[in-house]
Amino acid sequence: MILLSLELQGFRNFTSLSLPLDSRGAVLEAPNGRGKTNFLEAIHYLSLFRSFRGAPDSEVASFGTRSFVLHGELTREGDRRTGIGVAVDGARKRLAVDGRAGRPAEHVGTALSVVLCPEDIRLVQGSPGRRRRYLDVVLALSSARYFHALQEYRRVLRHRNSVLQSGTQADVALLEPWTEGLLRHGAVILRERLRFLTRWGPRFAEISAQLAGTSAGALSWRYESSSLPAGEAVEASLRQVVSVEQPVSIGQAEASGMLALPDQDGGPASYQPAARRPSADFPDAPGLDDVTAALRAELERRAWLERRRGVTLVGPHRDDLSFHSLEPSGAERDLRKFGSQGEQRTAALSLRFLELEVLSHERGELPVVLLDDVFSELDPRRSRELLGFLAPGQQVFLTTPKPLALDTSLDLPRYTIAEGTVRAA
Amino acid sequence: MDAIDTLVEEFARLPGIGRKTAGRLTFFLLKRPRDEALRLAHAIQDVTERVVFCSRCANVSEDELCAICRDPRRDPRLICVVEEASDIRIIERSGGFRGLYHVLHGRLSPLEGRGPDTLTLELLERRVGEGGVDEVILATNPDVEGEATALFLQRRLQPLGVRVSRIARGIPMGGDIEFVDEVTIGEALAGRREL
C-alpha cells in the first residue's frame, strides 16, 4: 500500500495540514518537540483508528479542543485509489471510506501500516497486556475470523465479569450462557494464537539471529496460557494440524509474485492467497475441540475462585508470551525478566519485523513502515540490518532529530517540521 | 421554557433523533396546517392510552389478547420467541411463520443490569407449562447478548418437555457467496444441513 496524501485538522500540533506524499516515503528531520511522532501517529491512526501511543482521542485532538479530522488517500498496485477519512468529535467517531460511512470495525487495516519506535522495548519488558495486544493486532489484521472472535470475546467477558461481581451467590444458571460464549470465542482466539506461534516461530528465530549477527542469538517464544496448564498435549496436537510449509520471506514472496505486483500485461494484481496459504485455513480443524475442552476444564477447576474474586480468571485475556535465549549450557533464559537492554531490544525489533512479514504475507500487500527515531537506539550494524528488512517499493516514513549518519541506499525526500507544518528540507 | 423548546426537547429524546433534527421536525410541524399537527398529537395519545401488552404473549395489543393470539388460523403448538415486539412485524412480513409469538421485551445483559427477571420469562414458562406447545423457536439476535439469552432460555424450557430450536443463520438470500464475509460463511458452513 502507498499513502498518496495526508490531510490533518486539529490533530495534535497540526492545526491544518494537507500534504502530498512521495511513494517512497520521507525522512522527517527536526529537533524534538516539533511533532515528528505526531505525524507518524496520524498515518497509523488511519490503520487502527486509535493512537499507537495508547492516547485517548481527547489527547490526540489539538490542545483545548475535542475534535479532529484525518483524511488519507491510498493506492494499491493494480487497484484504484481509496480515500479514507476519520472525524472525531468528543466521544463520537465517524468514518468514511470513499465517501461512504462505515464502522471502524469494517475498515480496520484498510490502510495498513506498522510502527517501530523506541517504546517497543516494552513489548518485552512491559506488562503481559502489551504482548497480548501485539498478538491481537497481528492476528486481527490477518484474519477476519480472529477479529470477530476478539470483539465478541471482549463483550462476553465484560458481561461475565458483571455476573461474577454480583457476589458469591451468583446463580450458576446466570453464569452459564456467558461461560459458553467465552468458550466459543475464546477457543478461536487461543487456537489461532497457538497456530500463529507454531507457524512463525522458526521465522522469529531467524530474524532475531540475523539482528544479533550470530546464530547463537536466535530467540524462541512460548505461549503461557491460563487455561492450558499441561499445555503440551494441546500444542502437540496443534503442531500436527499446522502444515510444515516454511513461511516465505518477503524476498521469496516477491519472487513468487504473491505480493501485489502488476501482471506483465499491466493488469490487476496476481496475488493468490488460497494457493499460498494452505496451513492458515482449517475452519473446522480438530484443534478447536481440544482447545475448547482444555478451556472448559480449567474454567470448571477455578470456578470457586472466580466466584470469590468476582472476575474471569481463565481465558486468552489472562495469557502471556515469553521470549527465550538459549545459553551455551543448554538452559533457557527468560528475556522478559533476565534479558539485557540489547537483547530485549533485539526481541522487540524481531517482533516488529515479523509483524511486517506476516502482514505482507497474509494481506498480500506491503504495509507502510513508520520508523520513529529508531536509529538512535541501534548500532550501525543493526541499523543496516533494519533497513535490509525493508522490501523494494515499500513506503517508509522515518523520523530523526539529527541528520542520519547512515550509509544506505535509502533515497528518501527530506522534510522538516516547524510550527505545525511540514516542508521540504 | 417556551412551547417550541419543549417540543424540541421531546423530539430529541426519541431514538436516532439529535437536537438538529428535533428542531427541524418542530419547525416543520409549525409550518403545516393546524389539524395535521393535531392528528399526530392524537395518534400519540391514542397509542399511549389504548395499547397494552397481550396477556398471553406480551406483544403490543389493544385488547386482552393481541391480534395474532386471537387468530384461530394460527398454530398454537409453535411459539417463536423474539426480543422486541417490533421483531414480530419483520417475521410476519415474511409470511413464513404460522405459529404464535412470545415477546421478551429485552434480553440478558448483565452490564446494563438486565437479568432474567426483567424479561417476560415467567409468562413464557407458564405458557409452555400449561401444555399444548410442541416447539419453541428462539429468534433472539445472533449477537453476544442474543446468543446468551437463547442458551439461558433453552436450559429453562427443555426440562418442561418441549422441543427448543434456534433460528438458522448464514448467507442472505439473493446474496453472492463472493461478497459474504468470512465469519458468516464459517457460520453457514457450521450450520449446514443434509439434503
# chains A, B, ... in the order shown; residues from 1 in each chain; ligands from 1
>>> interface_residues(of="chain B", to="chain A", cutoff="12 Å", atoms="only C-alpha atoms", output="ChimeraX atom specification")
/B:108-117,142-156,180-190
>>> write_last_selection(atoms="N, CA and C atoms", output="compact mmCIF listing (two decimals), in the first residue's frame")
# COMPACT_ATOMS: atom_id res chain seq x y z
N LEU B 108 -30.92 -10.70 28.01
CA LEU B 108 -29.99 -10.69 29.14
C LEU B 108 -28.83 -9.76 28.81
N SER B 109 -28.50 -8.89 29.74
CA SER B 109 -27.36 -8.00 29.56
C SER B 109 -26.90 -7.54 30.94
N PRO B 110 -26.10 -8.37 31.61
CA PRO B 110 -25.68 -8.05 32.98
C PRO B 110 -25.03 -6.67 33.08
N LEU B 111 -24.33 -6.25 32.03
CA LEU B 111 -23.66 -4.94 32.09
C LEU B 111 -24.66 -3.80 32.26
N GLU B 112 -25.86 -4.01 31.70
CA GLU B 112 -26.88 -2.97 31.84
C GLU B 112 -27.84 -3.32 32.98
N GLY B 113 -27.45 -4.30 33.77
CA GLY B 113 -28.27 -4.70 34.89
C GLY B 113 -29.53 -5.45 34.48
N ARG B 114 -29.52 -6.07 33.29
CA ARG B 114 -30.72 -6.76 32.83
C ARG B 114 -30.58 -8.27 33.05
N GLY B 115 -31.26 -8.75 34.07
CA GLY B 115 -31.28 -10.18 34.37
C GLY B 115 -32.58 -10.79 33.89
N PRO B 116 -32.78 -12.10 34.16
CA PRO B 116 -33.98 -12.81 33.68
C PRO B 116 -35.28 -12.21 34.21
N ASP B 117 -35.24 -11.60 35.40
CA ASP B 117 -36.48 -11.05 35.97
C ASP B 117 -36.94 -9.81 35.24
N PRO B 142 -28.55 -12.74 16.68
CA PRO B 142 -27.35 -13.59 16.70
C PRO B 142 -26.11 -12.86 17.20
N ASP B 143 -26.24 -12.00 18.20
CA ASP B 143 -25.05 -11.36 18.76
C ASP B 143 -24.77 -11.94 20.15
N VAL B 144 -23.80 -11.39 20.81
CA VAL B 144 -23.36 -11.94 22.09
C VAL B 144 -24.51 -12.06 23.10
N GLU B 145 -25.29 -10.99 23.24
CA GLU B 145 -26.36 -11.00 24.24
C GLU B 145 -27.51 -11.90 23.80
N GLY B 146 -27.83 -11.87 22.51
CA GLY B 146 -28.91 -12.70 22.00
C GLY B 146 -28.61 -14.18 22.13
N GLU B 147 -27.34 -14.55 21.87
CA GLU B 147 -26.93 -15.95 21.99
C GLU B 147 -27.02 -16.41 23.45
N ALA B 148 -26.56 -15.55 24.35
CA ALA B 148 -26.59 -15.91 25.77
C ALA B 148 -28.04 -16.07 26.23
N THR B 149 -28.90 -15.17 25.77
CA THR B 149 -30.31 -15.25 26.14
C THR B 149 -30.93 -16.55 25.61
N ALA B 150 -30.60 -16.91 24.38
CA ALA B 150 -31.13 -18.14 23.78
C ALA B 150 -30.70 -19.36 24.59
N LEU B 151 -29.44 -19.39 24.97
CA LEU B 151 -28.94 -20.53 25.74
C LEU B 151 -29.62 -20.61 27.10
N PHE B 152 -29.80 -19.44 27.72
CA PHE B 152 -30.47 -19.40 29.02
C PHE B 152 -31.90 -19.94 28.91
N LEU B 153 -32.60 -19.51 27.87
CA LEU B 153 -33.99 -19.96 27.67
C LEU B 153 -34.03 -21.46 27.39
N GLN B 154 -33.07 -21.94 26.60
CA GLN B 154 -33.01 -23.36 26.28
C GLN B 154 -32.94 -24.19 27.56
N ARG B 155 -32.07 -23.77 28.48
CA ARG B 155 -31.91 -24.51 29.74
C ARG B 155 -33.18 -24.47 30.59
N ARG B 156 -33.89 -23.37 30.50
CA ARG B 156 -35.10 -23.25 31.32
C ARG B 156 -36.27 -24.00 30.71
N VAL B 180 -19.97 -12.33 0.80
CA VAL B 180 -20.30 -12.58 2.19
C VAL B 180 -19.01 -12.65 3.00
N ASP B 181 -19.01 -12.05 4.21
CA ASP B 181 -17.78 -12.04 5.00
C ASP B 181 -17.44 -13.45 5.49
N GLU B 182 -16.15 -13.63 5.83
CA GLU B 182 -15.64 -14.95 6.22
C GLU B 182 -16.36 -15.52 7.43
N VAL B 183 -16.69 -14.63 8.38
CA VAL B 183 -17.31 -15.11 9.61
C VAL B 183 -18.68 -15.71 9.32
N THR B 184 -19.45 -15.03 8.49
CA THR B 184 -20.78 -15.52 8.15
C THR B 184 -20.70 -16.82 7.37
N ILE B 185 -19.74 -16.91 6.47
CA ILE B 185 -19.57 -18.15 5.70
C ILE B 185 -19.22 -19.30 6.64
N GLY B 186 -18.33 -19.02 7.60
CA GLY B 186 -17.96 -20.04 8.59
C GLY B 186 -19.19 -20.55 9.33
N GLU B 187 -20.04 -19.60 9.75
CA GLU B 187 -21.27 -19.97 10.47
C GLU B 187 -22.20 -20.76 9.56
N ALA B 188 -22.29 -20.33 8.32
CA ALA B 188 -23.18 -21.01 7.38
C ALA B 188 -22.72 -22.44 7.14
N LEU B 189 -21.41 -22.64 7.07
CA LEU B 189 -20.88 -23.99 6.87
C LEU B 189 -21.11 -24.86 8.11
N ALA B 190 -20.88 -24.23 9.28
CA ALA B 190 -21.06 -24.99 10.53
C ALA B 190 -22.53 -25.39 10.69
>>> select_by_dssp(residues="segment 7-172 of chain B", states="strand (DSSP E or B)", output="MDAnalysis selection string")
chainID B and resid 52:53 60:61 75:82 99:103 109 114 135:138 163:166
>>> select_by_dssp(residues="chain B", states="alpha helix (DSSP H)", output="JSON, numbers by chain")
{"B": [3, 4, 5, 6, 7, 8, 9, 10, 11, 12, 19, 20, 21, 22, 23, 24, 25, 26, 27, 28, 29, 30, 31, 34, 35, 36, 37, 38, 39, 40, 41, 42, 43, 44, 45, 46, 47, 48, 49, 50, 67, 68, 69, 70, 85, 86, 87, 88, 89, 90, 91, 92, 93, 94, 121, 122, 123, 124, 125, 126, 127, 128, 129, 144, 145, 146, 147, 148, 149, 150, 151, 152, 153, 154, 155, 156, 157, 182, 183, 184, 185, 186, 187, 188, 189, 190]}
>>> atom_distance(atom1="atom CA of Val358 of chain A", atom2="atom CA of Ser227 of chain A")
26.3 Å
>>> residues_around(residues="segment 61-64 of chain B", least_positions_apart="4", cutoff="6 Å", atoms="only C-alpha atoms", output="list in words")
Arg50, Val51, Val52, Phe53, Cys54 and Ser55 of chain B
>>> write_last_selection(atoms="N, CA and C atoms", output="mmCIF file, in the first residue's frame")
data_model
loop_
_atom_site.group_PDB
_atom_site.id
_atom_site.type_symbol
_atom_site.label_atom_id
_atom_site.label_comp_id
_atom_site.auth_asym_id
_atom_site.auth_seq_id
_atom_site.Cartn_x
_atom_site.Cartn_y
_atom_site.Cartn_z
ATOM 1 N N ARG B 50 -54.354 3.424 24.477
ATOM 2 C CA ARG B 50 -55.059 2.197 24.100
ATOM 3 C C ARG B 50 -54.182 0.955 24.029
ATOM 4 N N VAL B 51 -52.903 1.153 23.790
ATOM 5 C CA VAL B 51 -52.077 -0.031 23.594
ATOM 6 C C VAL B 51 -51.607 -0.597 24.933
ATOM 7 N N VAL B 52 -51.841 -1.884 25.108
ATOM 8 C CA VAL B 52 -51.388 -2.592 26.304
ATOM 9 C C VAL B 52 -50.570 -3.794 25.834
ATOM 10 N N PHE B 53 -50.186 -4.649 26.765
ATOM 11 C CA PHE B 53 -49.473 -5.860 26.364
ATOM 12 C C PHE B 53 -50.394 -7.061 26.395
ATOM 13 N N CYS B 54 -50.314 -7.893 25.380
ATOM 14 C CA CYS B 54 -51.118 -9.104 25.285
ATOM 15 C C CYS B 54 -50.849 -9.979 26.513
ATOM 16 N N SER B 55 -51.896 -10.470 27.130
ATOM 17 C CA SER B 55 -51.722 -11.215 28.379
ATOM 18 C C SER B 55 -51.141 -12.606 28.132
#
>>> residues_around(residues="Leu359 of chain A", least_positions_apart="4", cutoff="7 Å", atoms="only C-alpha atoms", output="PyMOL selection string")
chain A and resi 142+355+363
>>> residues_around(residues="segment 98-108 of chain A", least_positions_apart="3", cutoff="6 Å", atoms="only C-alpha atoms", output="ChimeraX atom specification")
/A:47-48,82-83,95
>>> atom_distance(atom1="atom CA of Glu224 of chain A", atom2="atom CA of Arg195 of chain A")
13.9 Å
>>> atom_distance(atom1="atom CA of Arg352 of chain A", atom2="atom CA of Val114 of chain A")
7.7 Å
>>> closest_residue(among="A:Phe11, A:Tyr134, A:Phe353, A:Phe338", to="Val88 of chain A", atoms="only C-alpha atoms")
A:Phe11
>>> closest_residue(among="B:Leu38, B:Ile91, B:Leu100, B:Ile17", to="Val136 of chain B", atoms="only C-alpha atoms")
B:Leu100
>>> residues_around(residues="Asp319 of chain A", least_positions_apart="3", cutoff="12 Å", atoms="only C-alpha atoms", output="PyMOL selection string")
chain A and resi 127-133+135-136+186+189-190+193-194+222-229+313-316+322
>>> write_last_selection(atoms="C-alpha atoms", output="tab-separated table (two decimals), in the first residue's frame")
chain	number	residue	atom	x	y	z
A	127	SER	CA	3.12	-5.97	31.12
A	128	PRO	CA	1.55	-9.08	29.52
A	129	GLY	CA	-1.20	-6.86	28.12
A	130	ARG	CA	1.26	-5.38	25.63
A	131	ARG	CA	2.22	-8.81	24.33
A	132	ARG	CA	-1.41	-9.89	24.05
A	133	ARG	CA	-2.14	-6.71	22.17
A	135	LEU	CA	-0.78	-10.91	19.02
A	136	ASP	CA	-4.29	-9.49	18.76
A	186	GLY	CA	-12.01	-17.81	23.49
A	189	ILE	CA	-8.57	-16.85	19.83
A	190	LEU	CA	-6.48	-19.39	21.67
A	193	ARG	CA	-2.63	-17.69	18.65
A	194	LEU	CA	-1.08	-21.13	19.14
A	222	ARG	CA	6.46	-19.73	24.31
A	223	TYR	CA	2.78	-19.23	24.99
A	224	GLU	CA	1.97	-19.06	28.69
A	225	SER	CA	-1.65	-19.96	29.00
A	226	SER	CA	-4.04	-19.53	31.89
A	227	SER	CA	-6.09	-22.39	30.54
A	228	LEU	CA	-3.62	-24.98	29.29
A	229	PRO	CA	-1.81	-25.97	32.48
A	313	LEU	CA	-9.55	-15.81	35.69
A	314	VAL	CA	-9.28	-18.20	32.75
A	315	GLY	CA	-9.04	-17.38	29.06
A	316	PRO	CA	-6.86	-15.75	26.43
A	322	SER	CA	7.60	-15.30	26.80
>>> closest_residue(among="A:Leu351, A:Leu183, A:Leu386, A:Leu321", to="Ala294 of chain A", atoms="only C-alpha atoms")
A:Leu183
>>> residues_around(residues="segment 116-118 of chain A", least_positions_apart="5", cutoff="12 Å", atoms="only C-alpha atoms", output="PyMOL selection string")
chain A and resi 36-37+40-41+44+52-53+123-124+341-342+344-346+348-356+368-378+386+396-400
